[in-house]
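S.K.: File follows, my_file.txt with compact mmCIF, C-alpha atoms:
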# COMPACT_ATOMS: atom_id res chain seq x y z
CA MET A 1 15.75 8.79 10.56
CA SER A 2 17.86 5.68 10.39
CA ASN A 3 15.98 2.47 9.73
CA GLN A 4 17.55 0.97 12.84
CA HIS A 5 15.49 3.37 14.91
CA LEU A 6 12.13 2.22 13.59
CA HIS A 7 11.95 -0.79 15.92
CA TRP A 8 10.54 1.41 18.69
CA LEU A 9 7.32 1.52 16.67
CA ARG A 10 6.80 -2.21 17.15
CA GLN A 11 4.73 -3.80 19.90
CA GLY A 12 5.85 -7.29 18.96
CA ASP A 13 8.81 -9.07 17.49
CA ARG A 14 7.16 -11.32 14.92
CA THR A 15 8.51 -10.87 11.39
CA HIS A 16 5.35 -9.95 9.52
CA ARG A 17 5.23 -10.61 5.80
CA ILE A 18 3.91 -7.61 3.88
CA MET A 19 3.21 -7.44 0.16
CA LEU A 20 2.98 -4.12 -1.68
CA ILE A 21 0.89 -4.05 -4.83
CA ASP A 22 1.04 -1.07 -7.19
CA GLY A 23 -1.58 -1.09 -9.93
CA PRO A 24 -1.82 0.27 -13.47
CA ASN A 25 0.13 3.44 -14.26
CA MET A 26 2.35 3.12 -11.18
CA PRO A 27 5.12 1.35 -13.16
CA ASN A 28 5.49 4.75 -14.90
CA LEU A 29 6.04 6.56 -11.59
CA GLY A 30 9.16 8.56 -12.47
CA ALA A 31 7.48 10.12 -15.52
CA ARG A 32 4.21 11.10 -13.80
CA ASN A 33 2.97 14.53 -12.68
CA LYS A 34 5.62 15.83 -10.24
CA ARG A 35 3.09 18.02 -8.39
CA VAL A 36 1.15 14.91 -7.43
CA TYR A 37 3.85 12.23 -7.32
CA GLY A 38 6.87 14.19 -6.13
CA PRO A 39 10.53 13.42 -6.67
CA ILE A 40 10.49 9.60 -6.65
CA ALA A 41 12.51 8.63 -9.73
CA SER A 42 10.88 5.26 -10.47
CA ILE A 43 8.69 2.50 -9.13
CA ASP A 44 11.89 0.57 -8.39
CA ALA A 45 13.14 3.47 -6.26
CA LEU A 46 9.83 3.50 -4.34
CA HIS A 47 10.00 -0.25 -3.76
CA GLN A 48 13.64 -0.04 -2.65
CA TRP A 49 12.77 2.74 -0.17
CA MET A 50 9.83 0.71 1.15
CA GLY A 51 12.10 -2.33 1.47
CA GLU A 52 14.47 -0.28 3.60
CA MET A 53 11.59 0.91 5.79
CA CYS A 54 10.37 -2.68 6.18
CA GLU A 55 13.84 -3.85 7.11
CA GLY A 56 13.98 -1.14 9.77
CA LEU A 57 10.70 -2.41 11.20
CA GLY A 58 11.75 -6.05 11.12
CA VAL A 59 9.24 -6.87 8.39
CA SER A 60 9.63 -9.17 5.39
CA PHE A 61 8.67 -7.37 2.18
CA THR A 62 7.77 -8.16 -1.42
CA ALA A 63 6.46 -5.77 -4.04
CA ILE A 64 4.91 -5.88 -7.47
CA ALA A 65 3.85 -3.19 -9.89
CA ASP A 66 1.81 -4.17 -12.89
CA ASN A 67 -0.34 -2.54 -15.54
CA HIS A 68 -2.46 -5.68 -15.95
CA GLU A 69 -5.17 -6.65 -13.50
CA GLY A 70 -4.83 -10.35 -14.33
CA SER A 71 -1.20 -10.32 -13.18
CA ILE A 72 -2.21 -8.58 -9.96
CA LEU A 73 -4.90 -11.21 -9.38
CA ASP A 74 -2.36 -14.00 -9.96
CA ALA A 75 -0.01 -12.40 -7.41
CA LEU A 76 -2.82 -12.11 -4.85
CA HIS A 77 -3.92 -15.71 -5.30
CA GLU A 78 -0.34 -17.00 -5.09
CA SER A 79 0.60 -14.90 -2.04
CA ALA A 80 -2.45 -15.27 0.19
CA ALA A 81 -1.03 -18.17 2.20
CA GLN A 82 2.41 -16.55 2.55
CA VAL A 83 1.69 -12.96 3.60
CA ASP A 84 0.19 -11.38 6.70
CA GLY A 85 -1.07 -8.19 5.08
CA TYR A 86 -1.08 -6.01 1.98
CA ILE A 87 -0.47 -2.41 1.07
CA VAL A 88 -2.32 -1.66 -2.17
CA ASN A 89 -2.25 1.33 -4.49
CA PRO A 90 -4.98 0.39 -6.97
CA ALA A 91 -3.95 3.37 -9.15
CA GLY A 92 -5.67 2.89 -12.53
CA LEU A 93 -8.04 0.35 -10.95
CA THR A 94 -9.23 2.76 -8.25
CA ARG A 95 -12.70 3.35 -9.68
CA THR A 96 -13.07 -0.12 -11.16
CA GLY A 97 -10.98 -3.16 -10.18
CA GLU A 98 -13.82 -5.21 -8.73
CA ALA A 99 -11.97 -8.47 -9.31
CA THR A 100 -8.90 -7.19 -7.45
CA ARG A 101 -10.96 -5.85 -4.56
CA HIS A 102 -12.78 -9.16 -4.31
CA ALA A 103 -9.50 -11.13 -4.38
CA LEU A 104 -8.14 -8.94 -1.57
CA GLU A 105 -11.25 -9.64 0.51
CA GLU A 106 -10.93 -13.36 -0.11
CA THR A 107 -7.36 -13.47 1.22
CA GLY A 108 -8.81 -12.79 4.66
CA LYS A 109 -5.78 -10.61 5.35
CA PRO A 110 -5.79 -6.96 6.42
CA TRP A 111 -4.86 -4.46 3.76
CA VAL A 112 -4.35 -0.73 3.53
CA GLU A 113 -5.27 1.29 0.46
CA VAL A 114 -2.71 3.96 -0.43
CA HIS A 115 -2.57 6.85 -2.87
CA PHE A 116 0.11 9.47 -3.50
CA SER A 117 -2.62 12.09 -3.94
CA ASN A 118 -5.69 12.92 -1.90
CA ILE A 119 -8.18 11.31 -4.27
CA SER A 120 -11.08 13.03 -2.47
CA ALA A 121 -9.67 16.52 -3.03
CA PRO A 122 -10.68 18.79 -5.91
CA PRO A 123 -8.16 19.19 -8.73
CA TRP A 124 -7.21 22.77 -7.74
CA SER A 125 -6.08 21.71 -4.27
CA GLY A 126 -2.42 21.09 -3.67
CA ARG A 127 -2.78 17.33 -3.19
CA GLY A 128 -5.70 16.52 -5.50
CA LEU A 129 -5.59 14.75 -8.84
CA PRO A 130 -6.04 16.78 -12.03
CA GLY A 131 -9.12 14.65 -12.85
CA GLY A 132 -10.41 14.39 -9.27
CA PRO A 133 -12.05 14.01 -6.97
CA TRP A 134 -12.35 10.24 -7.31
CA GLU A 135 -14.39 7.69 -5.41
CA SER A 136 -12.49 4.46 -4.81
CA ASN A 137 -14.08 1.07 -5.28
CA PHE A 138 -11.51 -0.32 -2.82
CA THR A 139 -12.14 1.85 0.24
CA ARG A 140 -15.25 0.01 1.42
CA SER A 141 -13.28 -3.22 1.89
CA ALA A 142 -9.91 -1.90 3.06
CA THR A 143 -8.80 -2.26 6.65
CA GLY A 144 -7.58 1.33 6.39
CA MET A 145 -6.51 4.06 3.99
CA CYS A 146 -3.60 6.47 3.73
CA MET A 147 -3.49 9.14 1.02
CA GLY A 148 -2.36 12.59 0.03
CA MET A 149 1.17 12.35 1.40
CA ARG A 150 2.97 11.20 -1.78
CA HIS A 151 5.34 8.31 -0.97
CA TYR A 152 4.91 9.01 2.75
CA SER A 153 1.40 7.59 2.40
CA TYR A 154 3.11 4.23 1.92
CA LEU A 155 5.15 4.67 5.07
CA GLY A 156 2.03 5.64 7.03
CA ALA A 157 0.25 2.56 5.71
CA LEU A 158 3.21 0.35 6.58
CA VAL A 159 3.52 1.60 10.15
CA ALA A 160 -0.24 1.34 10.73
CA LEU A 161 -0.48 -2.14 9.22
CA VAL A 162 2.46 -3.47 11.23
CA ALA A 163 1.05 -1.94 14.42
CA ALA A 164 -2.33 -3.56 13.69
CA LEU A 165 -0.67 -6.93 13.03
CA ASP A 166 1.27 -6.60 16.30
CA ASP A 167 -1.97 -5.87 18.19
CA GLU A 168 -3.95 -9.11 18.17
CA ALA A 169 -6.97 -7.36 19.70
CA PHE A 170 -7.13 -4.80 16.86
CA LEU A 171 -7.76 -7.35 14.14
CA GLY A 172 -9.79 -9.61 16.40
CA GLN A 173 -7.72 -12.73 15.83
CA THR A 174 -4.53 -14.40 16.96
CA LEU A 175 -1.91 -14.68 14.25
CA GLY A 176 -0.02 -17.93 13.83
CA SER A 177 3.76 -18.08 13.90
What's the structure tokens form of this structure?
M.R.:
Amino acid sequence: MSNQHLHWLRQGDRTHRIMLIDGPNMPNLGARNKRVYGPIASIDALHQWMGEMCEGLGVSFTAIADNHEGSILDALHESAAQVDGYIVNPAGLTRTGEATRHALEETGKPWVEVHFSNISAPPWSGRGLPGGPWESNFTRSATGMCMGMRHYSYLGALVALVAALDDEAFLGQTLGS
């Protein structure tokens, strides 16, 4: 599907500003378990692909991937006034990361939790983690969640977040220009 054809998914024409945050271990994406993480060669390749999808939707996009929670917190604090929503793969922070979850809540912005794997699945399932199932500390605060579809989880999160931002009634507030 050409990116030019993604505009039909939009209900509005506002250029939403989306930030993607990939947590600890995601910077090592190309070297991770191929059964779980698929063929994506690197975190840069994932971010480039997401940038192309965002462009096709008419969305402004920034991305970070960091192994250090403090750097993620700095990025959240610095971006809160400039972005409309977040897509977050907490990765190594999934079961902990209270400070990051709290910072996301305090932005007041909608955010979607994403995972390449189905973190709720047992390890012997096709989409589960070898050490799973996991319970996420982030899920209780997230606007939504998309998981188990490898990198397509990110696309699902992006489309859903943009649709929610386009639909003022969904989020219960009117967005400024």
S.K.: Which one of A:Asn33, A:Thr94, A:Asn28, A:Thr15 sits closest to Leu129 (chain A) if you count only C-alpha atoms?
M.R.: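 Looking only at the distances to Leu129 (chain A), the closest residue turns out to be A:Asn33.
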S.K.: So that I can check the surroundings of Phe138 (chain A), please list as a list in words every protein, DNA and RNA residue that reaches within 9 Å of it, counting only C-alpha atoms and ignoring chain neighbours fewer than 4 positions away.
M.R.: Pro90, Leu93, Thr94, Arg95, Thr96, Gly97, Glu98, Thr100, Arg101, Glu113 and Ala142 of chain A
S.K.: Leaving out region 159-169 of chain A and any residue of its chain fewer than 6 positions from it, which residues lie within 8 Å of it when counting all atoms listed in the file, given as a list in words?
M.R.: Leu9, Arg10, Gln11, Gly12, Arg14, His16, Asp84, Gly85, Pro110, Trp111, Val112 and Leu175 of chain A
S.K.: Can you measure CA of Glu55 (chain A) to CA of Met26 (chain A) for me? One decimal in Å is fine.
M.R.: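 Atom-to-atom, CA of Glu55 (chain A) and CA of Met26 (chain A) are spaced 22.7 Å apart.
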S.K.: Between CA of Ile18 (chain A) and CA of Phe61 (chain A), what distance in Å does the model show, to one decimal?
M.R.: 5.1 Å
S.K.: Restricting the calculation to all atoms listed in the file, which member of A:Tyr86, A:Trp49, A:Phe116, A:Tyr37 is positioned closest to Met149 (chain A)?
M.R.: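 Under the stated criterion, the closest residue is A:Phe116.
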S.K.: For Leu73 (chain A), which residue out of A:Gly132, A:Ala103, A:Gly148, A:Leu29 is the nearest one, using only C-alpha atoms?
M.R.: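 Residue with the minimum atom-to-atom distance to Leu73 (chain A): A:Ala103.
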S.K.: Skipping near chain neighbours, those fewer than 2 positions away, what residues fall within 12 Å of His77 (chain A) using only C-alpha atoms, listed as a count of residues only?
M.R.: 21
S.K.: Using Å and a single decimal, report how far CA of Asn67 (chain A) sits from CA of Gly92 (chain A).
M.R.: 8.2 Å
S.K.: For a quick check of understanding, using only C-alpha atoms, which of A:Cys54, A:Ala65, A:Ala31, A:Val36 has the smallest distance to Met147 (chain A)?
M.R.: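 Distance minimum relative to Met147 (chain A) lands on A:Val36.
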S.K.: Check the smallest atom-to-atom distance from each of A:Ala157, A:Arg150, A:Phe170, A:Glu135 to Ile40 (chain A) using all atoms listed in the file, then report the winner.
M.R.: A:Arg150
S.K.: Quick one: of A:Ser42, A:Thr62, A:Ser125, A:Ser117, who's nearest to Cys146 (chain A), counting only C-alpha atoms?
M.R.: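 Closest residue, counting only C-alpha atoms: A:Ser117.
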S.K.: Which centre and edge lengths in Å to one decimal define the box along x, y and z that fits every listed atom of region 47-66 of chain A plus 6 Å per side, as JSON?
M.R.:
{"center_x": 8.1, "center_y": -3.2, "center_z": -0.8, "size_x": 24.7, "size_y": 23.9, "size_z": 36.1}
S.K.: Saving region 104-136 of chain A with N, CA, C and O atoms, as a PDB file, in the first residue's frame, what would that file be?
M.R.:
ATOM      1  N   LEU A 104       4.120   9.965  31.503  1.00  0.00           N
ATOM      2  CA  LEU A 104       3.150   9.888  30.407  1.00  0.00           C
ATOM      3  C   LEU A 104       1.786  10.390  30.860  1.00  0.00           C
ATOM      4  O   LEU A 104       1.128  11.161  30.153  1.00  0.00           O
ATOM      5  N   GLU A 105       1.345   9.962  32.035  1.00  0.00           N
ATOM      6  CA  GLU A 105       0.070  10.440  32.571  1.00  0.00           C
ATOM      7  C   GLU A 105       0.069  11.955  32.705  1.00  0.00           C
ATOM      8  O   GLU A 105      -0.902  12.620  32.364  1.00  0.00           O
ATOM      9  N   GLU A 106       1.172  12.494  33.211  1.00  0.00           N
ATOM     10  CA  GLU A 106       1.225  13.929  33.481  1.00  0.00           C
ATOM     11  C   GLU A 106       1.267  14.784  32.219  1.00  0.00           C
ATOM     12  O   GLU A 106       0.987  15.975  32.286  1.00  0.00           O
ATOM     13  N   THR A 107       1.589  14.204  31.069  1.00  0.00           N
ATOM     14  CA  THR A 107       1.537  14.989  29.833  1.00  0.00           C
ATOM     15  C   THR A 107       0.101  15.386  29.515  1.00  0.00           C
ATOM     16  O   THR A 107      -0.131  16.372  28.823  1.00  0.00           O
ATOM     17  N   GLY A 108      -0.849  14.580  29.977  1.00  0.00           N
ATOM     18  CA  GLY A 108      -2.251  14.826  29.654  1.00  0.00           C
ATOM     19  C   GLY A 108      -2.595  14.451  28.226  1.00  0.00           C
ATOM     20  O   GLY A 108      -3.702  14.733  27.766  1.00  0.00           O
ATOM     21  N   LYS A 109      -1.683  13.816  27.531  1.00  0.00           N
ATOM     22  CA  LYS A 109      -1.876  13.447  26.131  1.00  0.00           C
ATOM     23  C   LYS A 109      -2.244  11.968  26.029  1.00  0.00           C
ATOM     24  O   LYS A 109      -1.846  11.158  26.850  1.00  0.00           O
ATOM     25  N   PRO A 110      -3.002  11.608  24.998  1.00  0.00           N
ATOM     26  CA  PRO A 110      -3.299  10.190  24.791  1.00  0.00           C
ATOM     27  C   PRO A 110      -2.040   9.450  24.352  1.00  0.00           C
ATOM     28  O   PRO A 110      -1.164  10.029  23.699  1.00  0.00           O
ATOM     29  N   TRP A 111      -1.969   8.195  24.738  1.00  0.00           N
ATOM     30  CA  TRP A 111      -0.832   7.381  24.323  1.00  0.00           C
ATOM     31  C   TRP A 111      -1.245   5.923  24.216  1.00  0.00           C
ATOM     32  O   TRP A 111      -2.143   5.461  24.912  1.00  0.00           O
ATOM     33  N   VAL A 112      -0.598   5.258  23.271  1.00  0.00           N
ATOM     34  CA  VAL A 112      -0.887   3.854  22.996  1.00  0.00           C
ATOM     35  C   VAL A 112       0.355   3.033  23.320  1.00  0.00           C
ATOM     36  O   VAL A 112       1.451   3.343  22.853  1.00  0.00           O
ATOM     37  N   GLU A 113       0.163   2.003  24.110  1.00  0.00           N
ATOM     38  CA  GLU A 113       1.237   1.068  24.448  1.00  0.00           C
ATOM     39  C   GLU A 113       1.339   0.039  23.327  1.00  0.00           C
ATOM     40  O   GLU A 113       0.319  -0.495  22.876  1.00  0.00           O
ATOM     41  N   VAL A 114       2.555  -0.222  22.871  1.00  0.00           N
ATOM     42  CA  VAL A 114       2.773  -1.207  21.814  1.00  0.00           C
ATOM     43  C   VAL A 114       3.823  -2.227  22.235  1.00  0.00           C
ATOM     44  O   VAL A 114       4.717  -1.923  23.033  1.00  0.00           O
ATOM     45  N   HIS A 115       3.670  -3.422  21.683  1.00  0.00           N
ATOM     46  CA  HIS A 115       4.667  -4.491  21.864  1.00  0.00           C
ATOM     47  C   HIS A 115       4.697  -5.323  20.596  1.00  0.00           C
ATOM     48  O   HIS A 115       3.646  -5.605  20.012  1.00  0.00           O
ATOM     49  N   PHE A 116       5.885  -5.728  20.177  1.00  0.00           N
ATOM     50  CA  PHE A 116       6.028  -6.639  19.045  1.00  0.00           C
ATOM     51  C   PHE A 116       5.343  -7.961  19.352  1.00  0.00           C
ATOM     52  O   PHE A 116       4.684  -8.544  18.502  1.00  0.00           O
ATOM     53  N   SER A 117       5.513  -8.450  20.566  1.00  0.00           N
ATOM     54  CA  SER A 117       4.948  -9.745  20.960  1.00  0.00           C
ATOM     55  C   SER A 117       3.602  -9.548  21.649  1.00  0.00           C
ATOM     56  O   SER A 117       3.215  -8.438  21.991  1.00  0.00           O
ATOM     57  N   ASN A 118       2.922 -10.671  21.873  1.00  0.00           N
ATOM     58  CA  ASN A 118       1.729 -10.663  22.710  1.00  0.00           C
ATOM     59  C   ASN A 118       2.234 -10.958  24.115  1.00  0.00           C
ATOM     60  O   ASN A 118       2.492 -12.108  24.458  1.00  0.00           O
ATOM     61  N   ILE A 119       2.409  -9.918  24.923  1.00  0.00           N
ATOM     62  CA  ILE A 119       3.020 -10.101  26.234  1.00  0.00           C
ATOM     63  C   ILE A 119       2.150 -10.927  27.181  1.00  0.00           C
ATOM     64  O   ILE A 119       2.638 -11.422  28.186  1.00  0.00           O
ATOM     65  N   SER A 120       0.880 -11.099  26.862  1.00  0.00           N
ATOM     66  CA  SER A 120      -0.030 -11.897  27.687  1.00  0.00           C
ATOM     67  C   SER A 120      -0.004 -13.377  27.333  1.00  0.00           C
ATOM     68  O   SER A 120      -0.558 -14.196  28.056  1.00  0.00           O
ATOM     69  N   ALA A 121       0.626 -13.712  26.223  1.00  0.00           N
ATOM     70  CA  ALA A 121       0.629 -15.100  25.737  1.00  0.00           C
ATOM     71  C   ALA A 121       1.705 -15.929  26.444  1.00  0.00           C
ATOM     72  O   ALA A 121       2.744 -15.403  26.841  1.00  0.00           O
ATOM     73  N   PRO A 122       1.470 -17.227  26.565  1.00  0.00           N
ATOM     74  CA  PRO A 122       2.505 -18.094  27.137  1.00  0.00           C
ATOM     75  C   PRO A 122       3.682 -18.230  26.167  1.00  0.00           C
ATOM     76  O   PRO A 122       3.526 -18.004  24.960  1.00  0.00           O
ATOM     77  N   PRO A 123       4.854 -18.591  26.691  1.00  0.00           N
ATOM     78  CA  PRO A 123       6.053 -18.631  25.852  1.00  0.00           C
ATOM     79  C   PRO A 123       5.981 -19.620  24.690  1.00  0.00           C
ATOM     80  O   PRO A 123       6.652 -19.431  23.686  1.00  0.00           O
ATOM     81  N   TRP A 124       5.175 -20.671  24.786  1.00  0.00           N
ATOM     82  CA  TRP A 124       5.106 -21.664  23.715  1.00  0.00           C
ATOM     83  C   TRP A 124       4.178 -21.247  22.576  1.00  0.00           C
ATOM     84  O   TRP A 124       4.142 -21.874  21.532  1.00  0.00           O
ATOM     85  N   SER A 125       3.456 -20.146  22.752  1.00  0.00           N
ATOM     86  CA  SER A 125       2.590 -19.680  21.668  1.00  0.00           C
ATOM     87  C   SER A 125       3.440 -18.994  20.600  1.00  0.00           C
ATOM     88  O   SER A 125       4.559 -18.563  20.850  1.00  0.00           O
ATOM     89  N   GLY A 126       2.915 -18.864  19.446  1.00  0.00           N
ATOM     90  CA  GLY A 126       3.659 -18.272  18.349  1.00  0.00           C
ATOM     91  C   GLY A 126       4.022 -16.819  18.531  1.00  0.00           C
ATOM     92  O   GLY A 126       4.991 -16.347  17.960  1.00  0.00           O
ATOM     93  N   ARG A 127       3.290 -16.064  19.319  1.00  0.00           N
ATOM     94  CA  ARG A 127       3.551 -14.630  19.467  1.00  0.00           C
ATOM     95  C   ARG A 127       3.961 -14.239  20.878  1.00  0.00           C
ATOM     96  O   ARG A 127       4.114 -13.068  21.173  1.00  0.00           O
ATOM     97  N   GLY A 128       4.125 -15.220  21.760  1.00  0.00           N
ATOM     98  CA  GLY A 128       4.509 -14.905  23.136  1.00  0.00           C
ATOM     99  C   GLY A 128       6.002 -14.707  23.306  1.00  0.00           C
ATOM    100  O   GLY A 128       6.800 -15.080  22.450  1.00  0.00           O
ATOM    101  N   LEU A 129       6.376 -14.117  24.425  1.00  0.00           N
ATOM    102  CA  LEU A 129       7.785 -13.922  24.765  1.00  0.00           C
ATOM    103  C   LEU A 129       8.339 -15.187  25.412  1.00  0.00           C
ATOM    104  O   LEU A 129       7.629 -15.863  26.159  1.00  0.00           O
ATOM    105  N   PRO A 130       9.610 -15.492  25.188  1.00  0.00           N
ATOM    106  CA  PRO A 130      10.207 -16.655  25.841  1.00  0.00           C
ATOM    107  C   PRO A 130      10.056 -16.633  27.361  1.00  0.00           C
ATOM    108  O   PRO A 130       9.876 -17.663  27.984  1.00  0.00           O
ATOM    109  N   GLY A 131      10.071 -15.467  27.985  1.00  0.00           N
ATOM    110  CA  GLY A 131       9.926 -15.364  29.438  1.00  0.00           C
ATOM    111  C   GLY A 131       8.527 -14.989  29.887  1.00  0.00           C
ATOM    112  O   GLY A 131       8.325 -14.673  31.053  1.00  0.00           O
ATOM    113  N   GLY A 132       7.560 -15.047  28.994  1.00  0.00           N
ATOM    114  CA  GLY A 132       6.202 -14.564  29.299  1.00  0.00           C
ATOM    115  C   GLY A 132       5.353 -15.603  29.980  1.00  0.00           C
ATOM    116  O   GLY A 132       5.813 -16.694  30.241  1.00  0.00           O
ATOM    117  N   PRO A 133       4.127 -15.290  30.271  1.00  0.00           N
ATOM    118  CA  PRO A 133       3.492 -13.997  29.995  1.00  0.00           C
ATOM    119  C   PRO A 133       3.948 -12.915  30.984  1.00  0.00           C
ATOM    120  O   PRO A 133       4.386 -13.217  32.088  1.00  0.00           O
ATOM    121  N   TRP A 134       3.794 -11.676  30.548  1.00  0.00           N
ATOM    122  CA  TRP A 134       4.151 -10.523  31.360  1.00  0.00           C
ATOM    123  C   TRP A 134       2.907  -9.706  31.671  1.00  0.00           C
ATOM    124  O   TRP A 134       1.962  -9.675  30.883  1.00  0.00           O
ATOM    125  N   GLU A 135       2.940  -9.017  32.796  1.00  0.00           N
ATOM    126  CA  GLU A 135       1.909  -8.036  33.118  1.00  0.00           C
ATOM    127  C   GLU A 135       2.566  -6.665  33.028  1.00  0.00           C
ATOM    128  O   GLU A 135       3.595  -6.421  33.660  1.00  0.00           O
ATOM    129  N   SER A 136       1.989  -5.782  32.256  1.00  0.00           N
ATOM    130  CA  SER A 136       2.566  -4.462  32.040  1.00  0.00           C
ATOM    131  C   SER A 136       2.109  -3.474  33.096  1.00  0.00           C
ATOM    132  O   SER A 136       0.924  -3.388  33.421  1.00  0.00           O
TER     133      SER A 136
END
